[in-house]
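Heads up, the thing below is written out as structure tokens.
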Amino acid sequence: MSEEERERRDAVRAQVDRRRRRRRVVAWCVAGAVVLGIAGWAAEPSVRDKVITARACDGAIPDGSMDVLRATTQEPDAHLTDHTTEIRPELGRYFCEVGSGRLRVLEVRAYTRRDDIDRELATEFGDDGGHPRAALPGGLPGFERRIAGITLMPPCPGRGKDAAGHPGRLLVEVLGGYPAPAHQLLRTGAAVANKAAERLGCGGKPLPVPASEAEPKQVRPAAAAGTSCAALADVRLPDPVWTAELRIPRGPAPMASCALRRPGKDENGEPRDAVVQLYGYYGDFSQRMVLRAARMDGVAGDRERTGPWLTRSGGWALARCDGQAAAFQVQGSPRGGAEGDEKTEDGRDLRDKRKLRDLLASFAKKESAARGCDGLRLPSVR
């Protein structure tokens, strides 16, 4: 081998060695960056909280909501650890969840198929006589669930009508830790419901997302005038300090509710017991509740239907709305509250049948007119 060839060989080897050294340096730098990134991820849980919040539920969670929901879990100092989002358009299902170890911070399930919706409604409006606590505030369609969480039911026109010819709906179940504040669940739920509606092809107008501080307001009874619950404005109670809770949805919804109660909250932080409540239930699911209530009140009827009735503690009226069963209920206080709470200024007892019927009739007629219902049947006073 000539001297010139030897020099070229040595130069090539030197170049190869330099490239190998550069690759090792780059590899070690990448590995170091990964290790440092993992360490930084583990060392900064607040950063992890922000990253998970930004990615969860297709990025739909409003700013600040997750911090509040996380703080109301059983371990308020815990941080977020994982999230899951799944969508099955062919099944009309959307799911997302955020967790903190073994704890649930947020869980949202959305359905468009009639069978799924009927199953969820049967859980809340059961044949055991139970029903949700109240409709949602702010005119939003849905209700506060019996134990915890909320359910939203906006229209879903993009999925067409079901087999019975009823307009498409989206049912969105929103659960958090316990006790998660209902208004934060509502804010988060409305935002995620809009994303679920988009991903499932619902179309239609998005739901308004309440502000972070928008807790349900209790108003003076006079504010009920001009609403479906106008009869509450005419109840004259001896003590002037009373509030009304008006939850009347602006459009199609499974439920409406109003209540008359003392202001403030009880020792558990819950609103005080209402002296009278008015409910409207819209959908075939209401039949189960009505039949169960009739059996509990000893009202005559067969296994599949009954008529309107009235007792000293409440009553029911019946109608048809949008081709489905509908029911209206008036309910007196189960415990009566403070002495004298059930007496009006004119001396009439709020558990007097005639007074209860007046309240029920006013509410049922106004709600029926607003929703285009027909065949309204009111109870008689015996």
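All residue names refer to the structure tokens as shown: chains lettered A, B, ... in order, residues numbered from 1 in each chain, ligands numbered from 1 in order.
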### Task
Write out as a ChimeraX atom specification which residues come within 9 Å of A:Thr53 when counting only C-alpha atoms, dropping same-chain ones fewer than 4 positions away.
/A:48-49,57,59-63,66,80,83,98
### Task
List the neighbours of A:Leu69 out to 8 Å using only C-alpha atoms; skip same-chain residues closer than 6 positions along the sequence, and give me the result as a PyMOL selection string.
chain A and resi 105-106+176-177+180-181+184-185
Restricted to all heavy atoms, what would the selected residues look like written as a tab-separated table (two decimals), in the first residue's frame?
chain	number	residue	atom	x	y	z
A	105	VAL	N	-62.15	12.47	39.50
A	105	VAL	CA	-62.29	13.92	39.58
A	105	VAL	C	-63.42	14.40	38.67
A	105	VAL	O	-64.22	15.25	39.03
A	105	VAL	CB	-60.97	14.63	39.22
A	105	VAL	CG1	-61.14	16.15	39.30
A	105	VAL	CG2	-59.85	14.18	40.15
A	106	LEU	N	-63.49	13.81	37.48
A	106	LEU	CA	-64.54	14.16	36.52
A	106	LEU	C	-64.82	12.96	35.63
A	106	LEU	O	-63.89	12.28	35.18
A	106	LEU	CB	-64.12	15.35	35.66
A	106	LEU	CG	-65.08	15.75	34.53
A	106	LEU	CD1	-66.37	16.33	35.10
A	106	LEU	CD2	-64.42	16.75	33.59
A	176	GLY	N	-68.68	14.03	39.39
A	176	GLY	CA	-67.40	14.47	39.93
A	176	GLY	C	-67.09	13.73	41.21
A	176	GLY	O	-67.67	12.68	41.50
A	177	GLY	N	-66.15	14.27	41.99
A	177	GLY	CA	-65.92	13.71	43.31
A	177	GLY	C	-67.06	14.11	44.23
A	177	GLY	O	-68.05	14.69	43.80
A	180	ALA	N	-68.87	17.47	45.01
A	180	ALA	CA	-68.53	18.40	43.95
A	180	ALA	C	-69.62	19.46	43.82
A	180	ALA	O	-70.80	19.12	43.80
A	180	ALA	CB	-68.36	17.67	42.63
A	181	PRO	N	-69.27	20.74	43.78
A	181	PRO	CA	-70.30	21.79	43.67
A	181	PRO	C	-71.06	21.67	42.35
A	181	PRO	O	-70.47	21.58	41.27
A	181	PRO	CB	-69.49	23.09	43.73
A	181	PRO	CG	-68.09	22.71	43.40
A	181	PRO	CD	-67.91	21.29	43.83
A	184	GLN	N	-70.24	24.05	39.41
A	184	GLN	CA	-69.01	23.79	38.67
A	184	GLN	C	-69.18	22.58	37.76
A	184	GLN	O	-68.64	22.54	36.66
A	184	GLN	CB	-67.84	23.58	39.63
A	184	GLN	CG	-67.30	24.86	40.25
A	184	GLN	CD	-66.68	25.81	39.22
A	184	GLN	OE1	-66.34	25.41	38.10
A	184	GLN	NE2	-66.54	27.07	39.58
A	185	LEU	N	-69.91	21.58	38.23
A	185	LEU	CA	-70.22	20.44	37.35
A	185	LEU	C	-71.04	20.91	36.16
A	185	LEU	O	-70.85	20.43	35.04
A	185	LEU	CB	-70.99	19.37	38.12
A	185	LEU	CG	-70.19	18.47	39.06
A	185	LEU	CD1	-71.13	17.48	39.75
A	185	LEU	CD2	-69.09	17.71	38.32
#### Entry: Contacts of A:Arg371 at 8 Å (only C-alpha atoms; same-chain gap of 4+ positions) as a PyMOL selection string
chain A and resi 252+321+367
File of the preceding selection, C-alpha atoms, as an mmCIF file, in the first residue's frame:
data_model
loop_
_atom_site.group_PDB
_atom_site.id
_atom_site.type_symbol
_atom_site.label_atom_id
_atom_site.label_comp_id
_atom_site.auth_asym_id
_atom_site.auth_seq_id
_atom_site.Cartn_x
_atom_site.Cartn_y
_atom_site.Cartn_z
ATOM 1 C CA PRO A 252 -87.338 21.264 25.185
ATOM 2 C CA CYS A 321 -96.368 16.979 25.205
ATOM 3 C CA GLU A 367 -96.336 24.952 31.332
#
### Message
Which residues are close to A:Leu318, i.e. within 10 Å by only C-alpha atoms, leaving aside same-chain residues fewer than 3 positions away? Reply as a list of chain:residue names.
### Response
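Counting only the stated atoms, we get A:Gly280, A:Tyr281, A:Ser286, A:Gln287, A:Val290, A:Thr306, A:Gly307, A:Pro308, A:Trp309, A:Cys321, A:Ala325, A:Ala326, A:Ala327, A:Phe328, A:Gln329, A:Ala364, A:Ser368, A:Asp374, A:Gly375, A:Leu376, A:Arg377, A:Leu378, A:Pro379.
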Residue selection dump (N, CA and C atoms) as a short mmCIF file (atom, residue, chain, number, x, y, z; two decimals), in the first residue's frame:
data_model
loop_
_atom_site.label_atom_id
_atom_site.label_comp_id
_atom_site.auth_asym_id
_atom_site.auth_seq_id
_atom_site.Cartn_x
_atom_site.Cartn_y
_atom_site.Cartn_z
N GLY A 280 -92.42 19.73 36.67
CA GLY A 280 -92.94 19.28 35.39
C GLY A 280 -92.00 18.23 34.83
N TYR A 281 -92.54 17.10 34.37
CA TYR A 281 -91.74 16.01 33.81
C TYR A 281 -92.22 15.74 32.39
N SER A 286 -91.97 9.55 32.61
CA SER A 286 -92.79 10.07 33.70
C SER A 286 -93.88 9.09 34.11
N GLN A 287 -94.27 8.20 33.21
CA GLN A 287 -95.33 7.25 33.53
C GLN A 287 -94.96 6.34 34.69
N VAL A 290 -95.45 8.26 37.93
CA VAL A 290 -96.86 8.50 38.24
C VAL A 290 -97.51 7.22 38.78
N THR A 306 -103.24 5.60 35.16
CA THR A 306 -104.04 6.14 36.25
C THR A 306 -104.44 7.56 35.87
N GLY A 307 -105.33 8.15 36.63
CA GLY A 307 -105.75 9.52 36.36
C GLY A 307 -105.11 10.49 37.34
N PRO A 308 -105.38 11.79 37.22
CA PRO A 308 -104.83 12.78 38.15
C PRO A 308 -105.46 12.60 39.53
N TRP A 309 -104.75 13.03 40.58
CA TRP A 309 -105.30 12.91 41.93
C TRP A 309 -104.66 13.95 42.84
N CYS A 321 -97.20 15.91 25.75
CA CYS A 321 -96.37 16.98 25.20
C CYS A 321 -95.44 16.39 24.14
N ALA A 325 -95.80 11.23 27.08
CA ALA A 325 -96.46 11.48 28.36
C ALA A 325 -95.78 12.63 29.09
N ALA A 326 -96.56 13.37 29.85
CA ALA A 326 -96.05 14.45 30.69
C ALA A 326 -96.84 14.46 31.99
N ALA A 327 -96.19 14.90 33.06
CA ALA A 327 -96.84 14.95 34.37
C ALA A 327 -96.42 16.20 35.11
N PHE A 328 -97.34 16.72 35.92
CA PHE A 328 -97.08 17.90 36.74
C PHE A 328 -97.37 17.54 38.19
N GLN A 329 -96.51 17.98 39.08
CA GLN A 329 -96.64 17.59 40.48
C GLN A 329 -96.54 18.82 41.39
N ALA A 364 -99.50 23.82 35.86
CA ALA A 364 -99.73 22.89 34.76
C ALA A 364 -100.28 23.59 33.52
N SER A 368 -98.14 23.83 30.12
CA SER A 368 -98.75 23.19 28.96
C SER A 368 -98.86 24.18 27.79
N ASP A 374 -101.17 19.03 25.13
CA ASP A 374 -102.62 18.92 25.00
C ASP A 374 -103.14 17.84 25.94
N GLY A 375 -104.46 17.76 26.06
CA GLY A 375 -105.08 16.74 26.89
C GLY A 375 -104.78 16.89 28.38
N LEU A 376 -104.63 18.13 28.85
CA LEU A 376 -104.32 18.34 30.27
C LEU A 376 -105.49 17.87 31.13
N ARG A 377 -105.18 17.05 32.13
CA ARG A 377 -106.17 16.54 33.07
C ARG A 377 -105.76 16.95 34.49
N LEU A 378 -106.63 17.69 35.16
CA LEU A 378 -106.36 18.18 36.50
C LEU A 378 -107.16 17.38 37.53
N PRO A 379 -106.66 17.28 38.75
CA PRO A 379 -107.40 16.55 39.77
C PRO A 379 -108.57 17.36 40.30
#
#### Entry: Point-to-point distance in Å for atom CA of A:Gln324 and atom CA of A:Tyr282
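Between these atoms lies a distance of 7.3 Å.
Near stretch 114-116 of chain A, within a cut-off of 9 Å and counting only C-alpha atoms, sit the residues Glu120, Leu121, Asp162, Ala163, Gly168, Arg169 and Leu171 of chain A, with same-chain residues fewer than 4 positions away left out.
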### Query
Would you give me, as JSON, numbers by chain, the residues in stretch 112-222 of chain A that DSSP reads as helix (DSSP H, G or I)?
{"A": [114, 115, 116, 117, 118, 119, 120, 121, 122, 123, 124, 157, 158, 159, 182, 183, 184, 185, 186, 187, 188, 189, 190, 191, 192, 193, 194, 195, 196, 197, 198, 199, 221, 222]}
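Picture a line from atom CA of A:Leu291 to atom CA of A:Arg305; it runs 6.7 Å.
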### stretch 131-249 of chain A: residues DSSP assigns to strand (DSSP E or B), reported as an MDAnalysis selection string
chainID A and resid 134:135 142:144 150:152 155 169 171:176 219 243:247
Residues within 9 Å of A:Ser46, only C-alpha atoms, excluding chain neighbours under 4 positions, as a compact mmCIF listing (two decimals) with all heavy atoms, in the first residue's frame:
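Dumped everything to out.txt:
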# COMPACT_ATOMS: atom_id res chain seq x y z
N LYS A 50 -52.01 20.96 34.72
CA LYS A 50 -52.37 21.84 33.60
C LYS A 50 -52.36 21.09 32.28
O LYS A 50 -53.24 21.29 31.43
CB LYS A 50 -51.42 23.03 33.55
CG LYS A 50 -51.58 23.97 34.74
CD LYS A 50 -50.59 25.12 34.66
CE LYS A 50 -50.76 26.06 35.85
NZ LYS A 50 -49.77 27.17 35.82
N VAL A 51 -51.35 20.21 32.10
CA VAL A 51 -51.25 19.46 30.84
C VAL A 51 -52.44 18.51 30.70
O VAL A 51 -53.06 18.43 29.64
CB VAL A 51 -49.92 18.68 30.78
CG1 VAL A 51 -49.90 17.74 29.58
CG2 VAL A 51 -48.76 19.65 30.70
N HIS A 79 -53.16 15.47 43.17
CA HIS A 79 -53.05 16.06 41.84
C HIS A 79 -53.52 15.07 40.79
O HIS A 79 -53.67 13.87 41.05
CB HIS A 79 -51.60 16.48 41.57
CG HIS A 79 -51.16 17.66 42.38
ND1 HIS A 79 -51.35 18.96 41.98
CD2 HIS A 79 -50.57 17.72 43.61
CE1 HIS A 79 -50.89 19.78 42.91
NE2 HIS A 79 -50.41 19.05 43.91
N LEU A 80 -53.76 15.56 39.60
CA LEU A 80 -54.26 14.73 38.51
C LEU A 80 -53.18 13.76 38.05
O LEU A 80 -51.99 14.11 38.01
CB LEU A 80 -54.70 15.61 37.34
CG LEU A 80 -55.73 16.69 37.65
CD1 LEU A 80 -56.08 17.47 36.39
CD2 LEU A 80 -56.98 16.09 38.26
### Query
Quick one: residues within 8 Å of stretch 227-229 of chain A, only C-alpha atoms counted, chain neighbours fewer than 3 positions away excluded, as a list of chain:residue names?
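Skipping anything fewer than 3 positions along the chain leaves A:Ala224, A:Leu232, A:Ala233, A:Leu246, A:Ile248, A:Cys258, A:Leu278, A:Ser362, A:Phe363, A:Ala364, A:Lys366, A:Glu367.
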Near stretch 260-272 of chain A, 12 Å: stretch 169-222 of chain A residue rows, closest pairs, only C-alpha atoms, as a tab-separated table:
residue	atom	partner	partner_atom	distance
A:Pro179	CA	A:Gly269	CA	10.9
A:Pro181	CA	A:Gly269	CA	11.0
A:Ala182	CA	A:Glu270	CA	11.4
A:Pro216	CA	A:Pro271	CA	10.9
A:Lys217	CA	A:Pro263	CA	10.4
A:Gln218	CA	A:Pro263	CA	7.4
A:Val219	CA	A:Pro263	CA	9.0
A:Arg220	CA	A:Leu260	CA	9.3
A:Pro221	CA	A:Leu260	CA	7.4
A:Ala222	CA	A:Leu260	CA	11.1
Can I get the selection written as an mmCIF file, in the first residue's frame, with C-alpha atoms?
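Contents of selection22.cif, freshly written:
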data_model
loop_
_atom_site.group_PDB
_atom_site.id
_atom_site.type_symbol
_atom_site.label_atom_id
_atom_site.label_comp_id
_atom_site.auth_asym_id
_atom_site.auth_seq_id
_atom_site.Cartn_x
_atom_site.Cartn_y
_atom_site.Cartn_z
ATOM 1 C CA PRO A 179 -69.121 16.722 47.303
ATOM 2 C CA PRO A 181 -70.297 21.793 43.667
ATOM 3 C CA ALA A 182 -73.223 21.453 41.263
ATOM 4 C CA PRO A 216 -78.003 29.391 41.325
ATOM 5 C CA LYS A 217 -79.781 32.421 42.703
ATOM 6 C CA GLN A 218 -82.646 32.492 45.144
ATOM 7 C CA VAL A 219 -85.002 35.381 44.381
ATOM 8 C CA ARG A 220 -87.981 36.983 46.039
ATOM 9 C CA PRO A 221 -91.293 35.210 45.305
ATOM 10 C CA ALA A 222 -92.498 38.253 43.351
#
## Note on the structure
With distances taken over only C-alpha atoms, the candidate from A:Arg146, A:Arg70, A:Arg104, A:Arg288 nearest A:Pro132 is A:Arg146
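One finds atom CA of A:Leu136 at 8.0 Å from atom CA of A:Ala256.
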